[in-house]
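Contents: one structure, followed by commentary.
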Amino acid sequence: MISQNIKKQIVEQTNIVEVVGEVVKLTKKGSSYFGLCPFHNDKHPSMSVSEKVKMFNCFSCNTKGNVIYFVSRYNNISEDQATIILAKRLGIEISDASSKEALKEERLLKVMNDATNFYEFYLHNTEEGVKAKAYLTSRGITDEIIKDLRIGLASSESNLLNQALKKNNHSELDQVELGLVKIDNKDQAYDVFRNRIIFPIENNNGQVVGFSGRIYTKSDQAKYINSSESAIFHKGQILYNFHKATPTIRSNDKIIIFEGFMDVIAAKKAQIPYGVATMGTALTQEHVKNILSLTKNIVLCFDGDSAGIHAMKRSAFVFANYHIIPKAIVLPNNLDPDEYLKAYGSQALNNYFSQNEKNVYQWLYDLAKKDFIKGDLESVERFKKEVFECVRCSKENTIIEHFIKMLASDIEISFESLMNDFGKIANFQPTLKPDDLPKNRVTTPKEVRIKRKIFIAYDVLLKHMVYSKLKFIEFMDKMGDELYIDSSLTTYFEIIKKMEVFYAENELMDEQDFLNIAKSLDLPNKTNDYYVFAKRILDNKMINLNDSDEFEQCLNTIQKCWSDLSKTRLYNKALSSGNIEDIQKFESLRKENVKVMSKEEK
Ligand SMILES: [Zn+2]
């Protein structure tokens, strides 16, 4: 990676308006330039470019960054490559250690590209290739798909690739580093992929960084082998077919995540081009970030076996961190997409996909319900536990309530008592740090600021309520319902609920009572988050219990903050809709509001 210092220097010296202006028609408005954004299907000029702040910013699709990011996104190349191009433009020669790494990356990519060419050539021009192609045809993989995916063939001989790469002046060291070649105990180099059909794996820029090799003749070897991790192949970042699928993911505003790359190919055969797959790893945050930069409509398609169900849950929970609820599709009879296609044809597979999407939590609920026997206590407990486990990870109160209501009716237990049970087991995140709010599109810095204000005000209220039952009653009258609204208030909600029980039987509470209440909420074997939280409230010297206005002010502050928060979110929604008229309308309304407010304050 090229060092940040060098990148900073390049960004400072490059005129971003000039660079963007070469590929996008820009019009000057005020101190900025505007043009059609090349990263989404832009109808109005949504992208602004500013030489002053050295940034571009699309307020419709939210793509923004400096000139290096622009060049890398526009040309589908890495940021390092973009930096080298921009450096050349400025006549700067990059020669520090980090640029050596970038050059090495370039070199390794070149090796992989030559290897891909070699495998492709071998498939199309040899005796062995004829056999391999017959196999591919029998699996329904057409010439078109072979060409599109650059499918190739590794020979059964021991070191043909190694020889070919050497002829192209690629060092054996690089070949070893990339996991293409190994050295045996007689110091002889041999190809790792032999007698296998080769499926190239591309990075997000469409460059081949690894291979998956599949046997196609009778053999007792592993069905698939994959390239090992290397300086350019990071499995935790790579999704098979992501680069190729990017345009159709955008245009369909949808992505399907499969378990394996053969599923992706089967989907392609059924005219579903927006499928991707992880390369033998679980879904990572890195994967999810890439996916969410394109669409929020996620479909998970995994096998119905226990491994598939586990992967489904895990993936759903990774998306929950971003407040995304994926859909689930599971093919009947434990078939994978390839098997289903073979049995019923591509049209049937296409139909199945378009008709069987289900909210992933609904799918998991139905699955848990399958083993449920009415009246059998053990089975009731198991059902309950499974539902709790799933919904508590969703982080959405609406989901939690919806499914617990459903559960209540299925097992014939009252909703209230189930919610009570749920509160006991739910592993809420009680340490409230506004900076830890979900880092997805909705949380703008402004929202974080408002939320911080809300939390501070709640702290004040809580401390006052420890020392005064009267204030507690006043709070419950005015704000009791509010606590249900926002999941980030869970800690307050849990503690206040317990205080309510305490105050029902006692007139006075002291600090130790309050700490005991918090302690009772901490799960066994868990860090004592509630206790620490309660201690922090009591120790807050900024709260003045003798100031009776403070309590009232905080109640008002919170109500105002909630409305500000809603407005901010509406504004963001208008922004992301990309409709200029909506945004302008909103802007002018907001300005009016600001004027009214400042008048009131005077
Ligand atoms: Zn855009």
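Identifiers for the structure tokens are assigned positionally: chains receive A, B, ... in sequence, residues are indexed from 1 per chain, and ligands are indexed from 1 in the order shown.
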* Asked: Which residues form the shell of 7 Å around ligand 1 when you count only C-alpha atoms and all ligand atoms, given as a ChimeraX atom specification?
  -> /A:37-40,42,46-47,58-63
* Who sits within 9 Å of Thr281 of chain A, only C-alpha atoms, same chain under 3 positions skipped, as JSON, numbers by chain -> {"A": [235, 236, 278, 284]}
Only N, CA and C atoms, please: the residues just picked out, written as an mmCIF file, in the first residue's frame.
data_model
loop_
_atom_site.group_PDB
_atom_site.id
_atom_site.type_symbol
_atom_site.label_atom_id
_atom_site.label_comp_id
_atom_site.auth_asym_id
_atom_site.auth_seq_id
_atom_site.Cartn_x
_atom_site.Cartn_y
_atom_site.Cartn_z
ATOM 1 N N LYS A 235 -9.648 -13.698 1.316
ATOM 2 C CA LYS A 235 -10.976 -14.314 1.201
ATOM 3 C C LYS A 235 -12.049 -13.511 1.948
ATOM 4 N N GLY A 236 -11.636 -12.862 3.032
ATOM 5 C CA GLY A 236 -12.604 -12.097 3.823
ATOM 6 C C GLY A 236 -13.108 -10.851 3.108
ATOM 7 N N THR A 278 -19.457 -16.229 -1.138
ATOM 8 C CA THR A 278 -18.189 -16.097 -0.426
ATOM 9 C C THR A 278 -17.288 -17.246 -0.857
ATOM 10 N N THR A 284 -18.260 -11.607 6.083
ATOM 11 C CA THR A 284 -17.576 -10.683 6.988
ATOM 12 C C THR A 284 -18.185 -9.283 6.874
#
* Out of A:Thr116, A:Asn66, A:Ser251, A:Asn159, which residue has the shortest atom-to-atom distance to Val208 of chain A when counting only C-alpha atoms? ->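 Counting only C-alpha atoms, the residue closest to Val208 of chain A is A:Thr116.
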* To do: Assign secondary structure with DSSP using the backbone only, and return the residues of segment 123-207 of chain A in strand (DSSP E or B) as a VMD selection string.
  => chain A and resid 152 to 154 181 to 183 189 to 191 196 to 202
* Counting only C-alpha atoms, what is within 12 Å of segment 412-416 of chain A, bar same-chain residues fewer than 5 positions away, as a list in words? ->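 Residues meeting the cut-off are Lys374, Gly375, Leu377, Val380, Glu381, Lys384, Ile400, Glu401, His402, Phe403, Ile404, Lys405, Met406, Leu407, Asp421, Phe422 and Gly423 of chain A.
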Kindly save the residues from that selection, with C-alpha atoms included, as an mmCIF file, in the first residue's frame.
data_model
loop_
_atom_site.group_PDB
_atom_site.id
_atom_site.type_symbol
_atom_site.label_atom_id
_atom_site.label_comp_id
_atom_site.auth_asym_id
_atom_site.auth_seq_id
_atom_site.Cartn_x
_atom_site.Cartn_y
_atom_site.Cartn_z
ATOM 1 C CA LYS A 374 -48.336 -28.211 21.634
ATOM 2 C CA GLY A 375 -48.501 -28.892 25.359
ATOM 3 C CA LEU A 377 -43.167 -28.309 28.027
ATOM 4 C CA VAL A 380 -42.281 -25.085 24.280
ATOM 5 C CA GLU A 381 -39.044 -24.053 26.005
ATOM 6 C CA LYS A 384 -39.182 -20.068 22.857
ATOM 7 C CA ILE A 400 -38.957 -8.319 18.405
ATOM 8 C CA GLU A 401 -42.539 -7.363 19.184
ATOM 9 C CA HIS A 402 -43.968 -8.880 16.036
ATOM 10 C CA PHE A 403 -42.416 -12.301 16.587
ATOM 11 C CA ILE A 404 -42.965 -12.401 20.323
ATOM 12 C CA LYS A 405 -46.635 -11.673 19.690
ATOM 13 C CA MET A 406 -46.694 -14.519 17.183
ATOM 14 C CA LEU A 407 -44.936 -16.776 19.671
ATOM 15 C CA ASP A 421 -38.829 -13.517 29.966
ATOM 16 C CA PHE A 422 -37.285 -12.004 26.897
ATOM 17 C CA GLY A 423 -36.005 -9.040 28.900
#
* Asked: Hey, what's within 8 Å of Val460 of chain A if we count only C-alpha atoms and toss same-chain stuff fewer than 2 positions away? As a list in words, please?
  ->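 Counting only the stated atoms, we get Ile456, Ala457, Tyr458, Leu462, Lys463, His464, Ile537, Ile543, Glu550, Phe551 and Cys554 of chain A.
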Just the selected residues (C-alpha atoms), exported as a short mmCIF file (atom, residue, chain, number, x, y, z; two decimals), in the first residue's frame, please.
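This went into result_23.cif:
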data_model
loop_
_atom_site.label_atom_id
_atom_site.label_comp_id
_atom_site.auth_asym_id
_atom_site.auth_seq_id
_atom_site.Cartn_x
_atom_site.Cartn_y
_atom_site.Cartn_z
CA ILE A 456 -27.12 13.31 28.57
CA ALA A 457 -30.65 14.44 29.37
CA TYR A 458 -31.69 10.89 30.27
CA LEU A 462 -32.38 9.09 35.94
CA LYS A 463 -30.27 10.51 38.75
CA HIS A 464 -33.10 12.79 39.86
CA ILE A 537 -25.00 8.03 36.67
CA ILE A 543 -26.10 16.83 37.87
CA GLU A 550 -33.03 20.94 35.67
CA PHE A 551 -35.45 18.04 35.67
CA CYS A 554 -34.38 17.84 30.51
#
* **Trp562 of chain A surroundings by only C-alpha atoms, 12 Å radius, close-in-sequence under 3 positions cut, as a ChimeraX atom specification** => /A:447,449-455,457,479,482-483,485-486,555-559,565-569
If you keep N, CA and C atoms, can you produce a file of those selected residues as an mmCIF file, in the first residue's frame?
data_model
loop_
_atom_site.group_PDB
_atom_site.id
_atom_site.type_symbol
_atom_site.label_atom_id
_atom_site.label_comp_id
_atom_site.auth_asym_id
_atom_site.auth_seq_id
_atom_site.Cartn_x
_atom_site.Cartn_y
_atom_site.Cartn_z
ATOM 1 N N GLU A 447 -27.082 13.475 13.585
ATOM 2 C CA GLU A 447 -27.884 12.542 14.382
ATOM 3 C C GLU A 447 -27.141 12.123 15.641
ATOM 4 N N ARG A 449 -24.956 13.810 17.215
ATOM 5 C CA ARG A 449 -24.971 14.939 18.155
ATOM 6 C C ARG A 449 -26.296 15.013 18.905
ATOM 7 N N ILE A 450 -27.383 14.842 18.158
ATOM 8 C CA ILE A 450 -28.698 14.908 18.812
ATOM 9 C C ILE A 450 -28.838 13.777 19.827
ATOM 10 N N LYS A 451 -28.417 12.578 19.391
ATOM 11 C CA LYS A 451 -28.544 11.437 20.297
ATOM 12 C C LYS A 451 -27.732 11.653 21.568
ATOM 13 N N ARG A 452 -26.562 12.231 21.407
ATOM 14 C CA ARG A 452 -25.720 12.470 22.579
ATOM 15 C C ARG A 452 -26.466 13.372 23.566
ATOM 16 N N LYS A 453 -27.118 14.415 23.014
ATOM 17 C CA LYS A 453 -27.910 15.307 23.866
ATOM 18 C C LYS A 453 -28.990 14.527 24.607
ATOM 19 N N ILE A 454 -29.647 13.638 23.871
ATOM 20 C CA ILE A 454 -30.719 12.845 24.478
ATOM 21 C C ILE A 454 -30.174 11.998 25.625
ATOM 22 N N PHE A 455 -29.041 11.346 25.382
ATOM 23 C CA PHE A 455 -28.466 10.486 26.422
ATOM 24 C C PHE A 455 -28.091 11.300 27.666
ATOM 25 N N ALA A 457 -29.427 14.056 28.680
ATOM 26 C CA ALA A 457 -30.654 14.441 29.374
ATOM 27 C C ALA A 457 -31.238 13.261 30.150
ATOM 28 N N MET A 479 -43.123 10.477 29.837
ATOM 29 C CA MET A 479 -42.178 9.868 28.904
ATOM 30 C C MET A 479 -42.197 8.349 28.874
ATOM 31 N N GLU A 482 -42.106 6.663 25.576
ATOM 32 C CA GLU A 482 -40.993 7.011 24.703
ATOM 33 C C GLU A 482 -39.881 5.968 24.727
ATOM 34 N N LEU A 483 -39.736 5.353 25.914
ATOM 35 C CA LEU A 483 -38.628 4.417 26.086
ATOM 36 C C LEU A 483 -38.730 3.212 25.162
ATOM 37 N N ILE A 485 -39.691 3.404 22.133
ATOM 38 C CA ILE A 485 -39.547 3.809 20.741
ATOM 39 C C ILE A 485 -38.185 3.469 20.178
ATOM 40 N N ASP A 486 -37.162 3.767 20.940
ATOM 41 C CA ASP A 486 -35.829 3.709 20.350
ATOM 42 C C ASP A 486 -34.965 2.667 21.038
ATOM 43 N N LEU A 555 -36.689 17.146 30.514
ATOM 44 C CA LEU A 555 -37.877 16.564 29.890
ATOM 45 C C LEU A 555 -38.180 17.275 28.568
ATOM 46 N N ASN A 556 -38.088 18.612 28.590
ATOM 47 C CA ASN A 556 -38.351 19.386 27.374
ATOM 48 C C ASN A 556 -37.291 19.139 26.303
ATOM 49 N N THR A 557 -36.031 19.119 26.757
ATOM 50 C CA THR A 557 -34.938 18.889 25.810
ATOM 51 C C THR A 557 -35.156 17.593 25.041
ATOM 52 N N ILE A 558 -35.521 16.554 25.784
ATOM 53 C CA ILE A 558 -35.673 15.253 25.133
ATOM 54 C C ILE A 558 -36.780 15.301 24.090
ATOM 55 N N GLN A 559 -37.909 15.942 24.463
ATOM 56 C CA GLN A 559 -38.996 15.989 23.489
ATOM 57 C C GLN A 559 -38.582 16.754 22.234
ATOM 58 N N LEU A 565 -34.546 14.911 15.651
ATOM 59 C CA LEU A 565 -33.997 13.682 15.086
ATOM 60 C C LEU A 565 -34.852 13.212 13.897
ATOM 61 N N SER A 566 -36.160 13.289 14.100
ATOM 62 C CA SER A 566 -37.054 12.881 13.008
ATOM 63 C C SER A 566 -36.866 13.777 11.798
ATOM 64 N N LYS A 567 -36.720 15.071 12.069
ATOM 65 C CA LYS A 567 -36.542 16.014 10.955
ATOM 66 C C LYS A 567 -35.248 15.717 10.207
ATOM 67 N N THR A 568 -34.188 15.480 10.974
ATOM 68 C CA THR A 568 -32.901 15.179 10.347
ATOM 69 C C THR A 568 -33.020 13.950 9.465
ATOM 70 N N ARG A 569 -33.742 12.956 9.982
ATOM 71 C CA ARG A 569 -33.880 11.724 9.200
ATOM 72 C C ARG A 569 -34.689 11.950 7.930
#
* Can you tell me, as a ChimeraX atom specification, what residues are no more than 8 Å from Glu172 of chain A when counting only C-alpha atoms, ignoring any on the same chain fewer than 4 positions away? -> /A:162,166,176,181
* Could you tell me which of A:Lys186, A:Lys110, A:Lys469, A:Arg392 comes closest to Met419 of chain A if we count only C-alpha atoms? =>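 Smallest separation from Met419 of chain A among the options: A:Arg392.
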